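This is upload_32.csv. It holds CSV, C-alpha atoms.
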```
chain,number,residue,atom,x,y,z
I,1,MET,CA,-2.3,17.7,-5.4
I,2,TYR,CA,-6.0,17.9,-6.1
I,3,PRO,CA,-6.0,21.5,-7.4
I,4,HIS,CA,-9.8,21.6,-7.8
I,5,GLU,CA,-10.5,20.1,-4.4
I,6,ARG,CA,-8.1,22.6,-2.9
I,7,SER,CA,-10.3,25.4,-4.4
I,8,LEU,CA,-13.4,23.6,-3.2
I,9,VAL,CA,-12.1,23.3,0.3
I,10,GLU,CA,-11.4,27.1,0.2
I,11,LYS,CA,-14.8,27.9,-1.3
I,12,HIS,CA,-17.0,25.5,0.7
I,13,SER,CA,-15.2,25.2,4.0
I,14,ASP,CA,-18.6,24.9,5.8
I,15,GLN,CA,-19.5,21.7,3.8
I,16,PHE,CA,-16.3,20.0,2.8
I,17,VAL,CA,-13.0,18.9,4.3
I,18,ILE,CA,-10.1,16.9,3.1
I,19,LEU,CA,-8.6,14.6,5.8
I,20,GLY,CA,-5.4,12.7,5.1
I,21,VAL,CA,-4.1,9.5,6.5
I,22,ASN,CA,-0.4,9.8,6.0
I,23,SER,CA,2.0,6.9,5.8
I,24,ASP,CA,5.3,8.7,5.5
I,25,ARG,CA,8.2,7.2,7.5
I,26,SER,CA,8.6,10.1,9.9
I,27,ARG,CA,6.9,13.2,11.3
I,28,ASP,CA,9.6,15.3,9.7
I,29,LYS,CA,8.9,13.9,6.3
I,30,LEU,CA,5.2,14.6,6.7
I,31,ARG,CA,5.9,18.2,7.9
I,32,GLU,CA,8.2,18.8,5.0
I,33,ALA,CA,5.6,17.4,2.4
I,34,MET,CA,2.8,19.6,3.9
I,35,LYS,CA,5.0,22.6,3.6
I,36,ARG,CA,6.3,21.9,0.1
I,37,GLU,CA,2.9,21.0,-1.3
I,38,ASN,CA,1.1,23.7,0.6
I,39,ILE,CA,-1.3,21.2,2.2
I,40,THR,CA,-3.6,23.2,4.4
I,41,TRP,CA,-5.7,20.4,5.6
I,42,ASN,CA,-5.0,18.0,8.4
I,43,SER,CA,-3.8,14.4,8.3
I,44,PHE,CA,-3.6,11.5,10.7
I,45,TYR,CA,0.0,10.5,11.1
I,46,ASP,CA,-0.2,6.7,10.8
I,47,GLY,CA,2.8,5.7,12.9
I,48,GLY,CA,5.6,6.2,10.5
I,49,GLY,CA,5.2,3.8,7.6
I,50,THR,CA,2.9,2.0,5.2
I,51,GLY,CA,2.0,-0.7,7.7
I,52,GLY,CA,0.5,1.7,10.2
I,53,PRO,CA,-2.6,0.9,12.3
I,54,ILE,CA,-5.1,2.9,10.3
I,55,ALA,CA,-4.0,1.8,6.8
I,56,THR,CA,-3.9,-1.8,8.1
I,57,SER,CA,-7.4,-1.6,9.6
I,58,TRP,CA,-8.7,-0.2,6.3
I,59,GLY,CA,-6.8,-2.8,4.3
I,60,VAL,CA,-5.1,-0.2,2.3
I,61,ARG,CA,-2.3,-1.6,0.0
I,62,GLY,CA,-2.0,1.1,-2.6
I,63,TRP,CA,-1.5,4.8,-2.3
I,64,PRO,CA,-3.3,7.1,-2.8
I,65,THR,CA,-6.5,5.4,-1.8
I,66,ILE,CA,-9.5,7.7,-1.6
I,67,TYR,CA,-12.9,7.5,0.1
I,68,LEU,CA,-15.5,10.2,-0.3
I,69,ILE,CA,-17.8,10.2,2.7
I,70,ASP,CA,-21.0,12.2,2.9
I,71,ALA,CA,-22.2,14.5,5.7
I,72,GLU,CA,-24.0,11.6,7.3
I,73,GLY,CA,-20.8,9.6,7.5
I,74,VAL,CA,-21.7,7.2,4.7
I,75,ILE,CA,-19.1,6.0,2.2
I,76,ARG,CA,-20.4,7.2,-1.1
I,77,PHE,CA,-17.5,6.9,-3.6
I,78,LYS,CA,-14.2,5.0,-3.6
I,79,ASP,CA,-11.1,5.7,-5.6
I,80,VAL,CA,-12.5,8.5,-7.6
I,81,ARG,CA,-10.0,10.9,-9.0
I,82,GLY,CA,-9.6,13.6,-11.5
I,83,ASP,CA,-12.9,14.5,-13.3
I,84,SER,CA,-14.9,11.7,-11.6
I,85,LEU,CA,-13.8,13.0,-8.2
I,86,ASP,CA,-14.9,16.5,-9.2
I,87,SER,CA,-18.3,15.3,-10.3
I,88,ALA,CA,-18.8,13.0,-7.3
I,89,LEU,CA,-18.0,15.9,-5.0
I,90,GLU,CA,-20.3,18.3,-6.8
I,91,GLN,CA,-23.1,15.7,-6.6
I,92,LEU,CA,-22.7,15.5,-2.8
I,93,LEU,CA,-22.5,19.3,-2.5
I,94,SER,CA,-25.6,19.7,-4.5
I,95,GLU,CA,-27.4,17.2,-2.2
I,96,MET,CA,-26.5,19.6,0.6
I,97,GLY,CA,-28.1,22.4,-1.3
I,98,VAL,CA,-24.8,23.9,-2.4
I,99,GLU,CA,-24.8,25.5,-5.8
I,100,PRO,CA,-22.5,23.4,-8.0
I,101,ILE,CA,-19.6,25.2,-9.6
I,102,PRO,CA,-20.8,25.8,-13.2
I,103,PRO,CA,-18.7,24.0,-15.8
I,104,PRO,CA,-16.8,26.2,-18.2
I,105,ARG,CA,-19.3,27.8,-20.5
I,106,LYS,CA,-19.4,26.4,-24.0
I,107,THR,CA,-19.5,29.0,-26.8
I,108,ALA,CA,-22.8,28.8,-28.7
I,109,LEU,CA,-22.5,27.8,-32.4
K,1,MET,CA,32.1,20.9,3.0
K,2,THR,CA,31.6,23.6,5.6
K,3,ALA,CA,27.9,23.6,4.8
K,4,LEU,CA,27.7,19.9,5.4
K,5,ILE,CA,29.5,20.1,8.7
K,6,LEU,CA,27.2,22.9,9.8
K,7,ALA,CA,24.2,20.8,8.7
K,8,LEU,CA,25.4,17.9,10.8
K,9,PHE,CA,26.2,20.2,13.6
K,10,LEU,CA,22.6,21.5,13.6
K,11,GLN,CA,21.3,18.0,13.9
K,12,ALA,CA,23.6,17.0,16.7
K,13,THR,CA,22.3,16.8,20.3
K,14,PRO,CA,22.9,20.3,21.7
K,15,THR,CA,24.3,19.0,25.0
K,16,THR,CA,27.2,16.8,23.8
K,17,GLU,CA,30.7,18.0,24.4
K,18,SER,CA,31.6,17.7,20.7
K,19,THR,CA,28.8,20.1,19.9
K,20,VAL,CA,30.3,22.7,22.2
K,21,LEU,CA,33.7,22.2,20.6
K,22,MET,CA,32.0,22.4,17.2
K,23,ALA,CA,30.5,25.7,18.1
K,24,LEU,CA,33.8,27.1,19.1
K,25,SER,CA,35.6,25.9,16.0
K,26,PRO,CA,33.7,23.9,13.5
K,27,GLU,CA,36.6,23.4,11.1
K,28,LEU,CA,39.1,22.1,13.7
K,29,SER,CA,36.9,19.6,15.5
K,30,VAL,CA,35.8,17.5,12.6
K,31,GLY,CA,38.0,14.6,13.6
K,32,PHE,CA,36.8,14.7,17.1
K,33,TYR,CA,33.2,15.0,15.9
K,34,ALA,CA,33.6,12.0,13.6
K,35,SER,CA,35.0,9.8,16.2
K,36,GLU,CA,32.5,10.9,18.8
K,37,LEU,CA,29.4,10.3,16.8
K,38,ASP,CA,28.6,7.3,14.7
K,39,GLU,CA,30.6,7.5,11.4
K,40,VAL,CA,28.5,4.8,9.9
K,41,SER,CA,25.3,6.7,10.4
K,42,GLU,CA,27.0,9.8,9.1
K,43,LEU,CA,28.0,7.9,5.9
K,44,GLU,CA,24.4,6.5,5.6
K,45,GLU,CA,23.0,10.1,5.7
K,46,LEU,CA,25.5,11.2,3.1
K,47,HIS,CA,24.4,8.2,0.9
K,48,ASP,CA,20.7,8.9,1.4
K,49,THR,CA,21.2,12.5,0.4
K,50,GLU,CA,23.0,11.6,-2.8
K,51,ALA,CA,20.6,8.7,-3.6
K,52,ASN,CA,17.6,11.0,-3.4
K,53,GLY,CA,16.3,11.2,-7.0
K,54,ALA,CA,19.5,9.7,-8.5
K,55,ASN,CA,20.2,6.2,-9.8
K,56,ARG,CA,20.1,4.2,-6.6
K,57,ARG,CA,22.2,1.3,-7.8
K,58,GLU,CA,25.0,3.6,-9.0
K,59,VAL,CA,25.1,5.6,-5.9
K,60,ALA,CA,25.0,2.5,-3.7
K,61,SER,CA,27.9,1.0,-5.8
K,62,LYS,CA,29.9,4.2,-5.2
K,63,PHE,CA,29.4,4.0,-1.5
K,64,LEU,CA,30.0,0.2,-1.1
K,65,PRO,CA,33.8,0.3,-0.7
K,66,ARG,CA,33.5,2.8,2.1
K,67,PHE,CA,30.9,0.7,4.0
K,68,GLU,CA,33.0,-2.5,3.4
K,69,GLU,CA,36.1,-0.7,4.8
K,70,MET,CA,34.1,0.3,7.9
K,71,ALA,CA,32.6,-3.2,8.3
K,72,THR,CA,36.1,-4.6,8.4
K,73,ARG,CA,37.8,-2.0,10.5
K,74,LEU,CA,35.0,-1.8,13.0
K,75,ALA,CA,34.2,-5.5,13.0
K,76,GLY,CA,32.7,-6.7,16.3
K,77,SER,CA,31.3,-3.3,17.3
K,78,GLU,CA,27.9,-1.8,16.8
K,79,GLN,CA,29.2,0.4,14.1
K,80,GLY,CA,30.7,-2.5,12.3
K,81,LEU,CA,27.3,-4.2,12.4
K,82,GLY,CA,25.7,-1.0,11.2
K,83,ALA,CA,28.0,-1.0,8.1
K,84,GLU,CA,27.2,-4.7,7.5
K,85,LEU,CA,23.5,-4.0,7.7
K,86,TRP,CA,23.8,-1.2,5.2
K,87,ILE,CA,25.6,-3.7,2.8
K,88,LEU,CA,22.9,-6.3,3.5
K,89,ARG,CA,20.1,-3.9,2.5
K,90,ASN,CA,21.8,-2.1,-0.4
K,91,HIS,CA,24.1,-4.7,-2.0
K,92,TRP,CA,22.5,-8.1,-1.5
K,93,TRP,CA,21.9,-8.3,-5.2
K,94,LYS,CA,25.5,-8.6,-6.3
K,95,ARG,CA,27.5,-9.8,-3.3
K,96,ALA,CA,28.4,-13.3,-4.2
K,97,GLN,CA,27.3,-16.5,-6.0
K,98,GLY,CA,23.8,-17.8,-5.7
K,99,THR,CA,20.4,-16.2,-6.0
K,100,MET,CA,19.8,-12.8,-4.4
K,101,GLU,CA,17.8,-14.5,-1.7
K,102,GLN,CA,20.4,-17.1,-0.8
K,103,VAL,CA,23.0,-14.4,-0.6
K,104,ALA,CA,20.9,-12.2,1.7
K,105,ILE,CA,20.1,-15.2,3.9
K,106,ALA,CA,23.7,-16.3,4.1
K,107,HIS,CA,24.7,-12.7,5.0
K,108,ALA,CA,21.9,-12.3,7.6
K,109,THR,CA,22.7,-15.7,9.1
K,110,ARG,CA,26.3,-14.7,9.6
K,111,LEU,CA,25.4,-11.4,11.2
K,112,ILE,CA,22.9,-13.1,13.6
K,113,LYS,CA,25.6,-15.5,14.7
K,114,THR,CA,28.4,-12.9,15.0
K,115,TYR,CA,26.4,-10.1,16.6
K,116,LYS,CA,23.7,-12.0,18.5
K,117,ASP,CA,23.7,-9.6,21.4
K,118,SER,CA,23.1,-6.5,19.3
K,119,PRO,CA,19.7,-4.7,19.5
K,120,GLN,CA,20.4,-3.6,15.9
K,121,LEU,CA,19.4,-7.0,14.7
K,122,THR,CA,15.8,-5.8,14.5
K,123,ARG,CA,16.9,-4.6,11.1
K,124,ILE,CA,17.4,-8.2,9.9
K,125,ALA,CA,13.6,-8.7,10.5
K,126,GLU,CA,12.7,-5.3,9.0
K,127,TYR,CA,14.4,-6.3,5.7
K,128,SER,CA,12.2,-9.4,5.5
K,129,TYR,CA,11.5,-8.7,1.8
K,130,LEU,CA,15.1,-9.6,1.0
K,131,TYR,CA,15.0,-13.3,1.8
K,132,GLY,CA,12.3,-14.8,-0.5
K,133,ARG,CA,9.7,-17.3,0.7
K,134,GLU,CA,11.9,-20.3,1.1
K,135,GLY,CA,14.5,-19.4,3.7
K,136,ILE,CA,12.8,-16.7,5.7
K,137,THR,CA,11.1,-18.9,8.3
K,138,PRO,CA,14.3,-20.6,9.6
K,139,LEU,CA,16.1,-17.3,9.5
K,140,LEU,CA,13.5,-15.5,11.6
K,141,ASP,CA,13.4,-18.5,14.0
K,142,LEU,CA,17.2,-18.3,14.3
K,143,LEU,CA,16.9,-14.6,15.1
K,144,ILE,CA,14.3,-15.2,17.8
K,145,ASP,CA,16.4,-18.0,19.4
K,146,ALA,CA,19.7,-16.1,19.2
K,147,SER,CA,18.7,-12.7,20.5
K,148,PRO,CA,18.3,-11.9,24.1
K,149,HIS,CA,16.3,-8.7,23.2
K,150,ASP,CA,12.5,-8.4,23.4
K,151,ARG,CA,12.7,-5.8,20.7
K,152,VAL,CA,14.4,-8.2,18.2
K,153,ASP,CA,11.9,-10.9,19.0
K,154,ALA,CA,9.0,-8.6,18.5
K,155,ALA,CA,10.4,-7.4,15.1
K,156,ALA,CA,10.9,-11.0,14.0
K,157,ILE,CA,7.4,-12.1,15.1
K,158,HIS,CA,5.9,-9.1,13.3
K,159,ALA,CA,7.8,-9.9,10.1
K,160,GLN,CA,6.7,-13.5,10.3
K,161,ALA,CA,3.1,-12.7,11.0
K,162,SER,CA,3.0,-10.1,8.2
K,163,ARG,CA,4.1,-12.7,5.8
K,164,LEU,CA,1.7,-15.4,7.0
K,165,ARG,CA,-1.5,-13.5,7.6
K,166,ARG,CA,-2.6,-13.2,4.0
K,167,SER,CA,-2.0,-16.8,3.3
K,168,LYS,CA,-4.9,-18.8,1.9
K,169,ASP,CA,-3.5,-21.8,3.7
K,170,LYS,CA,-5.4,-22.2,7.0
K,171,PRO,CA,-2.6,-23.5,9.2
K,172,GLN,CA,-0.5,-20.6,8.1
K,173,ALA,CA,-3.2,-18.0,8.7
K,174,ASP,CA,-3.8,-19.6,12.2
K,175,GLU,CA,-0.1,-19.4,12.9
K,176,ALA,CA,-0.2,-15.7,12.0
K,177,ARG,CA,-3.0,-15.2,14.4
K,178,ARG,CA,-1.2,-16.9,17.2
K,179,LEU,CA,2.0,-14.8,16.6
K,180,LEU,CA,0.0,-11.6,16.5
K,181,GLU,CA,-1.7,-12.4,19.8
K,182,GLN,CA,1.7,-13.1,21.2
K,183,LEU,CA,3.0,-9.8,19.8
K,184,ARG,CA,0.0,-7.9,21.3
K,185,ASP,CA,0.1,-9.6,24.7
K,186,ARG,CA,3.8,-10.0,25.4
K,187,TYR,CA,5.3,-7.1,23.4
K,188,GLY,CA,2.4,-4.6,23.1
K,189,ASP,CA,4.1,-1.9,25.1
K,190,LEU,CA,7.2,-1.8,22.8
K,191,ALA,CA,7.4,0.9,20.2
K,192,PHE,CA,7.0,0.0,16.5
K,193,ARG,CA,8.2,3.0,14.5
K,194,ASP,CA,6.1,5.9,16.0
K,195,THR,CA,3.3,3.6,17.3
K,196,THR,CA,3.2,0.4,19.4
K,197,TYR,CA,3.2,-3.3,18.6
K,198,ARG,CA,-0.1,-3.4,20.5
K,199,ALA,CA,-1.7,-0.9,18.0
K,200,ILE,CA,-0.3,-2.7,15.0
K,201,ALA,CA,-1.0,-6.2,16.1
K,202,THR,CA,-4.6,-5.3,17.0
K,203,ALA,CA,-5.1,-3.8,13.6
K,204,MET,CA,-3.6,-6.8,11.9
K,205,LEU,CA,-5.8,-9.2,14.0
K,206,SER,CA,-9.1,-7.5,13.3
K,207,PRO,CA,-9.0,-5.3,10.2
K,208,HIS,CA,-12.4,-4.0,9.0
K,209,SER,CA,-14.1,-6.5,6.8
K,210,PRO,CA,-14.1,-5.5,3.1
K,211,ASP,CA,-17.9,-5.4,3.4
K,212,ALA,CA,-17.8,-2.7,6.1
K,213,LEU,CA,-15.9,-0.5,3.6
K,214,GLU,CA,-18.3,-0.8,0.7
K,215,VAL,CA,-20.2,2.2,-0.7
K,216,GLY,CA,-23.4,2.7,1.3
K,217,LYS,CA,-21.8,1.7,4.6
K,218,ILE,CA,-21.2,4.1,7.5
K,219,ALA,CA,-17.4,4.7,7.4
K,220,PRO,CA,-15.7,3.0,10.4
K,221,GLU,CA,-14.5,5.5,13.0
K,222,ILE,CA,-10.8,6.5,12.9
K,223,SER,CA,-9.1,7.7,16.1
K,224,GLY,CA,-5.6,8.9,15.8
K,225,VAL,CA,-3.2,11.8,16.1
K,226,ASP,CA,-2.0,14.4,13.6
K,227,VAL,CA,1.6,15.4,13.1
K,228,THR,CA,1.6,17.6,16.2
K,229,GLY,CA,0.3,14.8,18.3
K,230,SER,CA,-3.2,16.2,18.7
K,231,ALA,CA,-6.1,13.7,18.8
K,232,VAL,CA,-8.2,13.6,15.6
K,233,GLN,CA,-11.3,11.5,14.9
K,234,LEU,CA,-13.0,11.0,11.6
K,235,SER,CA,-16.3,11.7,13.3
K,236,ASP,CA,-15.1,15.2,14.2
K,237,HIS,CA,-16.2,16.1,10.7
K,238,ARG,CA,-19.7,14.6,10.7
K,239,GLY,CA,-21.9,17.2,9.0
K,240,LYS,CA,-19.4,17.8,6.3
K,241,ILE,CA,-18.3,15.9,3.2
K,242,VAL,CA,-15.0,14.2,3.9
K,243,LEU,CA,-12.4,13.4,1.3
K,244,LEU,CA,-10.5,10.7,3.2
K,245,ASP,CA,-7.1,10.5,1.4
K,246,PHE,CA,-4.6,7.8,2.3
K,247,TRP,CA,-1.4,9.3,1.0
K,248,GLY,CA,2.4,9.4,1.3
K,249,ASP,CA,5.1,11.6,-0.2
K,250,TRP,CA,7.3,9.1,-1.9
```
Please rewrite the model in this file as structure tokens.
Amino acid sequence: MYPHERSLVEKHSDQFVILGVNSDRSRDKLREAMKRENITWNSFYDGGGTGGPIATSWGVRGWPTIYLIDAEGVIRFKDVRGDSLDSALEQLLSEMGVEPIPPPRKTAL
Amino acid sequence: MTALILALFLQATPTTESTVLMALSPELSVGFYASELDEVSELEELHDTEANGANRREVASKFLPRFEEMATRLAGSEQGLGAELWILRNHWWKRAQGTMEQVAIAHATRLIKTYKDSPQLTRIAEYSYLYGREGITPLLDLLIDASPHDRVDAAAIHAQASRLRRSKDKPQADEARRLLEQLRDRYGDLAFRDTTYRAIATAMLSPHSPDALEVGKIAPEISGVDVTGSAVQLSDHRGKIVLLDFWGDW
């Protein structure tokens, strides 16, 4: 799950957090998933199912749904994943003056 | 087999007499254990374990005769109803003549009439996806009329409102609103899964507008609890970038 974001959380813990809203059907199921996937960040437990109060308030009907929120609390990106999530995050980090992680160096011709 | 018995033993309430006997002699007390605790729940657990990652229909077919046997043998009891409800949920697609929805409605109707005093009838409402659009309203109305339990009424009202609230038809959307207000005001204190009907009805009545969730808007506050029950707020993380991830492990 989000291998690059996991490393960014570890590297930039002062600037960046992942916060989950979990819709699993029980606390046990959530605990088990966190353990198995080595999820180190916190999640809201949304009442034990997909129709929970948070997901309902936010109109979430597909999982995963992702919002990227900046340090001022403004929604900046929605449903970015993979490479576009990486670049969105690096943009926000650089706005905060954090040196972006350099892309893999291309060999000169 | 021993491993299974031990697993069940570990899940049992530590104060029951059967557990004490189990602790003394797990092998010998199986019969006692089975009659003491709910054999239908036990079979459901066994089914869920086997169905996990396997072909669900095949596994359900394999278990069907055992649930049918229990439904007959234990007819009239809560366990008998438990077996019937398993069959309703897992085998509605091949039980008899007619469309799947008709079969599910006929089965559910029979269960409501036969077991009207059972609190387990909440599950009839929880399986609202089984019945199709046509027959669900009278079925849920019948459930509300028949059951003396607030919990069953609340589950039926929730199922009805969930179905109607996204309707483009104004009278239906208005009816959903009326039902949700009733759910919030009359049954708000009742538990819905690990939350309350108040929390769920409130969220359904006034979700954030799509506009408020657009890029460029301040993210609406979220107040909730984590898996340990500790209070968490989205705004706790102001000053940091937040990847807000709605997820589930399924």
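Using only C-alpha atoms, the protein and nucleic acid residues lying no more than 7 Å from Ala159 of chain K, apart from those fewer than 6 places from it along its own chain, are Ala125, Glu126 and Ser128 of chain K.
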Would you list the contacts of Asp236 of chain K as a list in words, taking every protein, DNA or RNA residue within 12 Å and counting only C-alpha atoms, but skipping same-chain residues closer than 6 positions in sequence?
Val17, Leu19, Asn42, Ala71, Glu72 and Gly73 of chain I; Glu221, Ile222, Ser223, Gly224 and Val242 of chain K
Quick check: residues of chain K within 6 Å of chain I, all atoms listed in the file, returned as an mmCIF file with C-alpha atoms, in the coordinates of the input.
```cif
data_model
loop_
_atom_site.group_PDB
_atom_site.id
_atom_site.type_symbol
_atom_site.label_atom_id
_atom_site.label_comp_id
_atom_site.auth_asym_id
_atom_site.auth_seq_id
_atom_site.Cartn_x
_atom_site.Cartn_y
_atom_site.Cartn_z
ATOM 1 C CA ARG K 193 8.200 3.000 14.500
ATOM 2 C CA ASP K 194 6.100 5.900 16.000
ATOM 3 C CA THR K 195 3.300 3.600 17.300
ATOM 4 C CA ILE K 200 -0.300 -2.700 15.000
ATOM 5 C CA ALA K 203 -5.100 -3.800 13.600
ATOM 6 C CA PRO K 207 -9.000 -5.300 10.200
ATOM 7 C CA HIS K 208 -12.400 -4.000 9.000
ATOM 8 C CA VAL K 215 -20.200 2.200 -0.700
ATOM 9 C CA GLY K 216 -23.400 2.700 1.300
ATOM 10 C CA LYS K 217 -21.800 1.700 4.600
ATOM 11 C CA ILE K 218 -21.200 4.100 7.500
ATOM 12 C CA ALA K 219 -17.400 4.700 7.400
ATOM 13 C CA VAL K 225 -3.200 11.800 16.100
ATOM 14 C CA ASP K 226 -2.000 14.400 13.600
ATOM 15 C CA VAL K 227 1.600 15.400 13.100
ATOM 16 C CA ARG K 238 -19.700 14.600 10.700
ATOM 17 C CA GLY K 239 -21.900 17.200 9.000
ATOM 18 C CA LYS K 240 -19.400 17.800 6.300
ATOM 19 C CA ILE K 241 -18.300 15.900 3.200
ATOM 20 C CA VAL K 242 -15.000 14.200 3.900
ATOM 21 C CA LEU K 243 -12.400 13.400 1.300
ATOM 22 C CA LEU K 244 -10.500 10.700 3.200
ATOM 23 C CA ASP K 245 -7.100 10.500 1.400
ATOM 24 C CA PHE K 246 -4.600 7.800 2.300
ATOM 25 C CA TRP K 247 -1.400 9.300 1.000
ATOM 26 C CA GLY K 248 2.400 9.400 1.300
#
```
List the neighbours of Pro119 of chain K out to 12 Å using all atoms listed in the file; skip same-chain residues closer than 2 positions along the sequence, and give me the result as a list in words.
Ser77, Glu78, Leu81, Gly82, Ile112, Tyr115, Lys116, Asp117, Leu121, Thr122, Arg123, Ile124, Ala125, Leu143, Ile144, Ala146, Ser147, Pro148, His149, Asp150, Arg151, Val152, Asp153, Ala154 and Ala155 of chain K
Contact residues around Ala106 of chain K with only C-alpha atoms at 12 Å, ignoring same-chain residues under 2 positions, as a ChimeraX atom specification
/K:88,92,95-104,108-113,124,130-131,135-136,138-139
Any chance you could export the current selection's C-alpha atoms as a PDB file, keeping the file's coordinate frame?
```pdb
ATOM      1  CA  LEU K  88      22.900  -6.300   3.500  1.00  0.00           C
ATOM      2  CA  TRP K  92      22.500  -8.100  -1.500  1.00  0.00           C
ATOM      3  CA  ARG K  95      27.500  -9.800  -3.300  1.00  0.00           C
ATOM      4  CA  ALA K  96      28.400 -13.300  -4.200  1.00  0.00           C
ATOM      5  CA  GLN K  97      27.300 -16.500  -6.000  1.00  0.00           C
ATOM      6  CA  GLY K  98      23.800 -17.800  -5.700  1.00  0.00           C
ATOM      7  CA  THR K  99      20.400 -16.200  -6.000  1.00  0.00           C
ATOM      8  CA  MET K 100      19.800 -12.800  -4.400  1.00  0.00           C
ATOM      9  CA  GLU K 101      17.800 -14.500  -1.700  1.00  0.00           C
ATOM     10  CA  GLN K 102      20.400 -17.100  -0.800  1.00  0.00           C
ATOM     11  CA  VAL K 103      23.000 -14.400  -0.600  1.00  0.00           C
ATOM     12  CA  ALA K 104      20.900 -12.200   1.700  1.00  0.00           C
ATOM     13  CA  ALA K 108      21.900 -12.300   7.600  1.00  0.00           C
ATOM     14  CA  THR K 109      22.700 -15.700   9.100  1.00  0.00           C
ATOM     15  CA  ARG K 110      26.300 -14.700   9.600  1.00  0.00           C
ATOM     16  CA  LEU K 111      25.400 -11.400  11.200  1.00  0.00           C
ATOM     17  CA  ILE K 112      22.900 -13.100  13.600  1.00  0.00           C
ATOM     18  CA  LYS K 113      25.600 -15.500  14.700  1.00  0.00           C
ATOM     19  CA  ILE K 124      17.400  -8.200   9.900  1.00  0.00           C
ATOM     20  CA  LEU K 130      15.100  -9.600   1.000  1.00  0.00           C
ATOM     21  CA  TYR K 131      15.000 -13.300   1.800  1.00  0.00           C
ATOM     22  CA  GLY K 135      14.500 -19.400   3.700  1.00  0.00           C
ATOM     23  CA  ILE K 136      12.800 -16.700   5.700  1.00  0.00           C
ATOM     24  CA  PRO K 138      14.300 -20.600   9.600  1.00  0.00           C
ATOM     25  CA  LEU K 139      16.100 -17.300   9.500  1.00  0.00           C
TER      26      LEU K 139
END
```
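Separating atom CA of Ala60 of chain K from atom CA of Asn90 of chain K is a distance of 6.5 Å.
Counting from atom CA of Asp145 of chain K, the distance to atom CA of Arg178 of chain K is 17.8 Å.
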Figure out the distance between atom CA of Arg6 of chain I and atom CA of Asp83 of chain I, please, to one decimal in Å.
14.0 Å
In the coordinates of the file, take the point (22.5, 6.5, 4.7) and a cut-off of 12 Å; then, counting all atoms listed in the file, name each qualifying protein, DNA or RNA residue as an MDAnalysis selection string.
chainID K and resid 38:52 56 59:60 63:64 66:67 82:83 85:87 89:90
If you count only C-alpha atoms, which residues fall within 8 Å of Gln160 of chain K, apart from same-chain ones fewer than 3 positions away, as a PDB file with C-alpha atoms, in the coordinates of the input?
```
ATOM      1  CA  THR K 137      11.100 -18.900   8.300  1.00  0.00           C
ATOM      2  CA  LEU K 140      13.500 -15.500  11.600  1.00  0.00           C
ATOM      3  CA  ALA K 156      10.900 -11.000  14.000  1.00  0.00           C
ATOM      4  CA  ILE K 157       7.400 -12.100  15.100  1.00  0.00           C
ATOM      5  CA  ARG K 163       4.100 -12.700   5.800  1.00  0.00           C
ATOM      6  CA  LEU K 164       1.700 -15.400   7.000  1.00  0.00           C
ATOM      7  CA  ALA K 176      -0.200 -15.700  12.000  1.00  0.00           C
ATOM      8  CA  LEU K 179       2.000 -14.800  16.600  1.00  0.00           C
TER       9      LEU K 179
END
```
